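Data first, discussion second: the structure below is written as structure tokens.
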Amino acid sequence: MEKIVAIVGPTAVGKSDIAVEIALSYNGEVVSADSRQVYQGLDIGSGKITQSEMRGVPHHLLDIADPKDTYSLKSFIEHATSVIKHIHTQGSLPILCGGTGLYIDSVVNGAQLPAVPPNEKLRAELSQKNTEELYALLLEKDKKRAQTIDRHNPRRLIRALEIIEALGSVEPLSQEKTYDTLYVGLILPTEELHARIHERLLKRIANGLLHEVKKLHDNGLSFERMEELGLEYKYFAYYLQNKLSFEDMSVQLETAIRQYAKRQMTWFKRNKEVEWFEPKDLQKIQERVASFLLSKK
RNA sequence: GCGUCGGUGGCGGAGUGGUCAAUCGCAACAGACUGUAAAUCUGUCGCCCUUCGGGCUACGUAGGUUCAAAUCCUACCCGGCGCA
């Protein structure tokens, strides 16, 4: 099986740097797995790596979508899979690196998704209903899916109904593992991570985050869409609409980023394949990658 | 100084004699994840004991009334506002 390395961990832990280090040592190319960095123009706020930080290492799946459109997991799997294939063909090592756990796992596990693109009309229609109604509807149309779904979660209920609308039912996902994967998890003590989040936010603000968000809006990205994009974009959109003072906005944003980091950890912790390191243990990480590359499977 | 309104859990804020360890929101903590994932959702959230259940301490402080008080009374302390 072809090998890939996946670098995971919470936001602000320092994944990008480590990915570049590994790439430089083992002839790697980075495949970003970040649901926001795929969008053009979301640079400072999404923490997109800069040209100089790349240090000559090719990076893929950045700036491939228009933020006005919804980029989907399905597209990500397709793009990433094809890029990884290409990297393998060149005899290089693909390094999946990013904070979007679902994206990474889906690629690593070879999830096969049915092509059911977002149906905005249906979504708008269904979002008028409350969760009970949605659940009742699902129960009626696909009893099997209804049994396992989180019945309080409108997002999932709507998505399930959307798939049913297109395909008649929600079939179990099929997965086909095609890679030999090393999961490198990066972790820091909570206080340290929080301090990094704080510093990073200040830096982003100093580097012109507000200007970036204004520019996005001037270019036609609605505040509504920005709120959907979350974190920096969501809170700065609140500020620009005078829903929050700058002070309140930055405090709440920082809290939201911390909460996000926690959710990421919850996701990654449950994956027993992940081997955890502190970012400062670069040496150990490098050694682990080396032994992984020598192993046979 | 007088008058007046108020002081409730980490914060905001309900409750105004019994069903109150105290609605709710936030934060915090733990978790889920059939595909919008930086999204969405769930649980816990005074202290102690073993879950059920039980015990203890609590609604500014100190007393009091009452079978029963966060809720009524008195004094004091603190804060806002009005008049001086």
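Ordered as shown in the structure tokens, chains take letters A, B, and onward, while each chain numbers its residues from 1 and ligands are numbered from 1 in the order shown.
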If you take only C-alpha atoms (C1' of nucleotides) and a cut-off of 6 Å, which residues of chain A touch chain B, and what are their nearest atom pairs and distances in Å to one decimal, in chain and number order, as CSV?
```
residue,atom,partner,partner_atom,distance
A:Leu73,CA,B:G35,C1',5.8
A:Asn153,CA,B:C41,C1',4.9
A:Arg155,CA,B:U40,C1',5.5
A:Gly230,CA,B:A38,C1',4.9
A:Leu231,CA,B:A38,C1',5.5
```
Generate a file of the selected residues that holds N, CA and C atoms, formatted as a compact mmCIF listing (two decimals), in the first residue's frame.
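Done, and the output landed in part.txt:
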```txt
# COMPACT_ATOMS: atom_id res chain seq x y z
N LEU A 73 -17.52 18.01 1.53
CA LEU A 73 -16.66 16.89 1.86
C LEU A 73 -16.42 16.02 0.63
N ASN A 153 -30.48 16.99 16.01
CA ASN A 153 -29.53 17.74 15.20
C ASN A 153 -30.10 18.08 13.81
N ARG A 155 -29.04 19.87 11.34
CA ARG A 155 -28.10 19.73 10.23
C ARG A 155 -28.13 18.33 9.64
N GLY A 230 -17.75 30.97 10.04
CA GLY A 230 -17.34 30.76 11.43
C GLY A 230 -16.15 31.56 11.90
N LEU A 231 -15.89 31.43 13.19
CA LEU A 231 -14.75 32.04 13.87
C LEU A 231 -14.42 33.46 13.40
```
Sel. of strand (DSSP E or B) residues, stretch 44-260 of chain A, as a short mmCIF file (atom, residue, chain, number, x, y, z; two decimals) with N, CA and C atoms, in the first residue's frame:
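Saved result, selection12.cif, follows:
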```cif
data_model
loop_
_atom_site.label_atom_id
_atom_site.label_comp_id
_atom_site.auth_asym_id
_atom_site.auth_seq_id
_atom_site.Cartn_x
_atom_site.Cartn_y
_atom_site.Cartn_z
N HIS A 59 2.32 22.91 -1.79
CA HIS A 59 1.11 22.77 -0.97
C HIS A 59 -0.10 22.68 -1.89
N HIS A 60 -0.98 21.76 -1.57
CA HIS A 60 -2.15 21.54 -2.41
C HIS A 60 -3.46 21.82 -1.68
N ALA A 65 -11.48 27.13 -4.08
CA ALA A 65 -12.93 27.35 -4.17
C ALA A 65 -13.28 28.81 -3.91
N LEU A 93 6.13 11.84 -0.97
CA LEU A 93 5.29 11.48 0.18
C LEU A 93 4.18 12.51 0.38
N PRO A 94 2.93 12.10 0.29
CA PRO A 94 1.85 13.03 0.58
C PRO A 94 1.70 13.21 2.09
N ILE A 95 1.61 14.45 2.52
CA ILE A 95 1.41 14.75 3.94
C ILE A 95 0.09 15.50 4.08
N LEU A 96 -0.90 14.79 4.58
CA LEU A 96 -2.20 15.41 4.80
C LEU A 96 -2.09 16.20 6.09
N CYS A 97 -2.39 17.46 6.03
CA CYS A 97 -2.20 18.28 7.22
C CYS A 97 -3.35 19.24 7.38
N ALA A 111 -13.50 6.86 2.23
CA ALA A 111 -14.97 6.91 2.27
C ALA A 111 -15.55 7.14 0.88
N GLN A 112 -16.54 6.35 0.56
CA GLN A 112 -17.20 6.49 -0.75
C GLN A 112 -18.53 7.20 -0.54
N SER A 174 -19.79 3.25 2.43
CA SER A 174 -18.79 2.21 2.23
C SER A 174 -17.42 2.84 2.31
N GLN A 175 -16.50 2.08 2.87
CA GLN A 175 -15.14 2.58 3.02
C GLN A 175 -14.17 1.56 2.47
N TYR A 179 -4.65 3.41 1.75
CA TYR A 179 -3.32 3.88 2.12
C TYR A 179 -2.82 3.23 3.40
N ASP A 180 -1.52 3.19 3.50
CA ASP A 180 -0.86 2.87 4.76
C ASP A 180 -0.60 4.22 5.41
N THR A 181 -1.30 4.48 6.50
CA THR A 181 -1.28 5.84 7.07
C THR A 181 -0.59 5.91 8.42
N LEU A 182 0.24 6.93 8.58
CA LEU A 182 0.77 7.26 9.90
C LEU A 182 0.07 8.53 10.36
N TYR A 183 -0.62 8.43 11.49
CA TYR A 183 -1.26 9.60 12.07
C TYR A 183 -0.33 10.21 13.11
N VAL A 184 0.12 11.42 12.84
CA VAL A 184 0.91 12.16 13.83
C VAL A 184 -0.01 13.20 14.46
N GLY A 185 -0.28 13.04 15.75
CA GLY A 185 -1.12 14.01 16.45
C GLY A 185 -0.25 14.99 17.21
N LEU A 186 -0.57 16.27 17.10
CA LEU A 186 0.18 17.28 17.84
C LEU A 186 -0.68 17.79 18.98
#
```
So which one's closest to A:Arg263, A:Ile49, A:Ala166, A:Leu102, A:Leu137? Using only C-alpha atoms, please. A:Leu102
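Contact shell of stretch 285-290 of chain A at 9 Å (only C-alpha atoms (C1' of nucleotides); same-chain neighbours under 3 positions omitted): A:Val5, A:Ile18, A:Glu21, A:Ile22, A:Ser25, A:Tyr26, A:Leu182, A:Val184, A:Phe277, A:Glu278, A:Pro279, A:Asp281, A:Leu282, A:Leu293, A:Leu294, A:Ser295.
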Those same residues - C-alpha atoms - I'd like them written as a compact mmCIF listing (two decimals), in the first residue's frame.
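Dumped everything to result30.txt:
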```
# COMPACT_ATOMS: atom_id res chain seq x y z
CA VAL A 5 1.34 10.83 6.72
CA ILE A 18 5.77 20.33 11.31
CA GLU A 21 9.70 19.99 8.28
CA ILE A 22 8.64 16.47 7.43
CA SER A 25 13.18 15.71 5.26
CA TYR A 26 11.34 13.05 3.31
CA LEU A 182 0.77 7.26 9.90
CA VAL A 184 0.91 12.16 13.83
CA PHE A 277 3.66 14.28 20.16
CA GLU A 278 4.38 17.77 21.39
CA PRO A 279 5.43 20.03 18.53
CA ASP A 281 9.61 16.95 19.83
CA LEU A 282 10.34 17.40 16.17
CA LEU A 293 8.58 4.87 5.76
CA LEU A 294 10.81 1.84 6.20
CA SER A 295 8.01 -0.41 7.43
```
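The closest residue to B:G17, picked from B:C72, B:G63, B:G53, B:C47 and counting only C-alpha atoms (C1' of nucleotides), is B:C72.
Across the model, the gap from atom CA of A:Ala146 to atom CA of A:Leu126 is 16.1 Å.
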Give me, as an MDAnalysis selection string, the residues of stretch 17-263 of chain A that a backbone DSSP run labels alpha helix (DSSP H). chainID A and resid 17:26 51:54 73:89 101:108 120:126 131:141 143:148 154:167 190:206 209:218 223:229 231:240 246:263
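When the distance limit is 12 Å and only C-alpha atoms (C1' of nucleotides) are what count, the residues near B:G6, minus those fewer than 6 positions from it on the same chain, are B:G60, B:C78, B:G79, B:G80, B:C81.
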Contacts of stretch 76-84 of chain A within 10 Å, only C-alpha atoms (C1' of nucleotides), excl. fewer than 5 positions in-chain, as a PyMOL selection string: chain A and resi 2-4+29-35+38+60-61+64+71+89-90+92-96+103-108+110-113
Keeping C-alpha atoms for every residue in the selection just given, could you write it to a file as an mmCIF file, in the first residue's frame?
```cif
data_model
loop_
_atom_site.group_PDB
_atom_site.id
_atom_site.type_symbol
_atom_site.label_atom_id
_atom_site.label_comp_id
_atom_site.auth_asym_id
_atom_site.auth_seq_id
_atom_site.Cartn_x
_atom_site.Cartn_y
_atom_site.Cartn_z
ATOM 1 C CA GLU A 2 1.084 3.534 -0.690
ATOM 2 C CA LYS A 3 2.002 5.537 2.353
ATOM 3 C CA ILE A 4 0.677 8.830 3.594
ATOM 4 C CA GLU A 29 4.268 17.494 -0.479
ATOM 5 C CA VAL A 30 1.595 18.937 1.749
ATOM 6 C CA VAL A 31 -2.070 18.318 1.115
ATOM 7 C CA SER A 32 -4.025 20.793 3.187
ATOM 8 C CA ALA A 33 -7.083 19.363 4.902
ATOM 9 C CA ASP A 34 -8.808 22.458 6.097
ATOM 10 C CA SER A 35 -12.389 23.248 5.270
ATOM 11 C CA VAL A 38 -9.822 25.828 0.465
ATOM 12 C CA HIS A 60 -2.146 21.545 -2.413
ATOM 13 C CA LEU A 61 -5.846 22.221 -1.958
ATOM 14 C CA ILE A 64 -9.423 26.081 -4.849
ATOM 15 C CA TYR A 71 -17.320 23.436 -0.680
ATOM 16 C CA THR A 89 3.228 8.855 -9.029
ATOM 17 C CA GLN A 90 6.110 11.247 -8.602
ATOM 18 C CA SER A 92 6.934 11.691 -3.213
ATOM 19 C CA LEU A 93 5.288 11.480 0.176
ATOM 20 C CA PRO A 94 1.848 13.034 0.584
ATOM 21 C CA ILE A 95 1.411 14.752 3.944
ATOM 22 C CA LEU A 96 -2.200 15.412 4.803
ATOM 23 C CA TYR A 103 -11.929 15.558 5.879
ATOM 24 C CA ILE A 104 -8.769 13.767 6.883
ATOM 25 C CA ASP A 105 -10.437 10.619 8.130
ATOM 26 C CA SER A 106 -12.675 10.395 5.111
ATOM 27 C CA VAL A 107 -9.693 10.487 2.769
ATOM 28 C CA VAL A 108 -7.602 8.151 4.877
ATOM 29 C CA GLY A 110 -11.392 5.918 1.584
ATOM 30 C CA ALA A 111 -14.969 6.910 2.272
ATOM 31 C CA GLN A 112 -17.196 6.493 -0.747
ATOM 32 C CA LEU A 113 -19.823 9.173 -0.765
#
```
Do you know which residues are at most 12 Å from B:C20 counting only C-alpha atoms (C1' of nucleotides), after dropping those on the same chain fewer than 6 positions away, and could you put them as a ChimeraX atom specification? /B:8,58-59,69-71
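Here atom C1' of B:C29 stands at a distance of 21.2 Å from atom CA of A:Ala12.
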Just the residues within 12 Å of A:Glu140, please, counting only C-alpha atoms (C1' of nucleotides), with nothing from its chain fewer than 6 positions along; format it as a PyMOL selection string. chain A and resi 133-134+146-147+161+164+168-169
File of the preceding selection, C-alpha atoms, as a CSV table (one decimal), in the first residue's frame:
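Final file, result-v1.csv:
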```
chain,number,residue,atom,x,y,z
A,133,GLU,CA,-41.0,17.6,12.4
A,134,LEU,CA,-37.8,16.8,10.6
A,146,ALA,CA,-33.9,7.4,11.6
A,147,GLN,CA,-32.8,4.8,14.2
A,161,LEU,CA,-33.5,14.1,4.0
A,164,ILE,CA,-33.2,10.6,0.5
A,168,GLY,CA,-34.5,7.4,-2.0
A,169,SER,CA,-32.7,6.3,1.1
```
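Closest to A:Lys234 among A:Lys15, A:Ala115, A:Gly45, A:Ile163 is A:Gly45, based on only C-alpha atoms.
Using only C-alpha atoms (C1' of nucleotides), the shortest contact distance between B:A21 and any of B:C67, B:A84, B:C56, B:C73 is found at B:C56.
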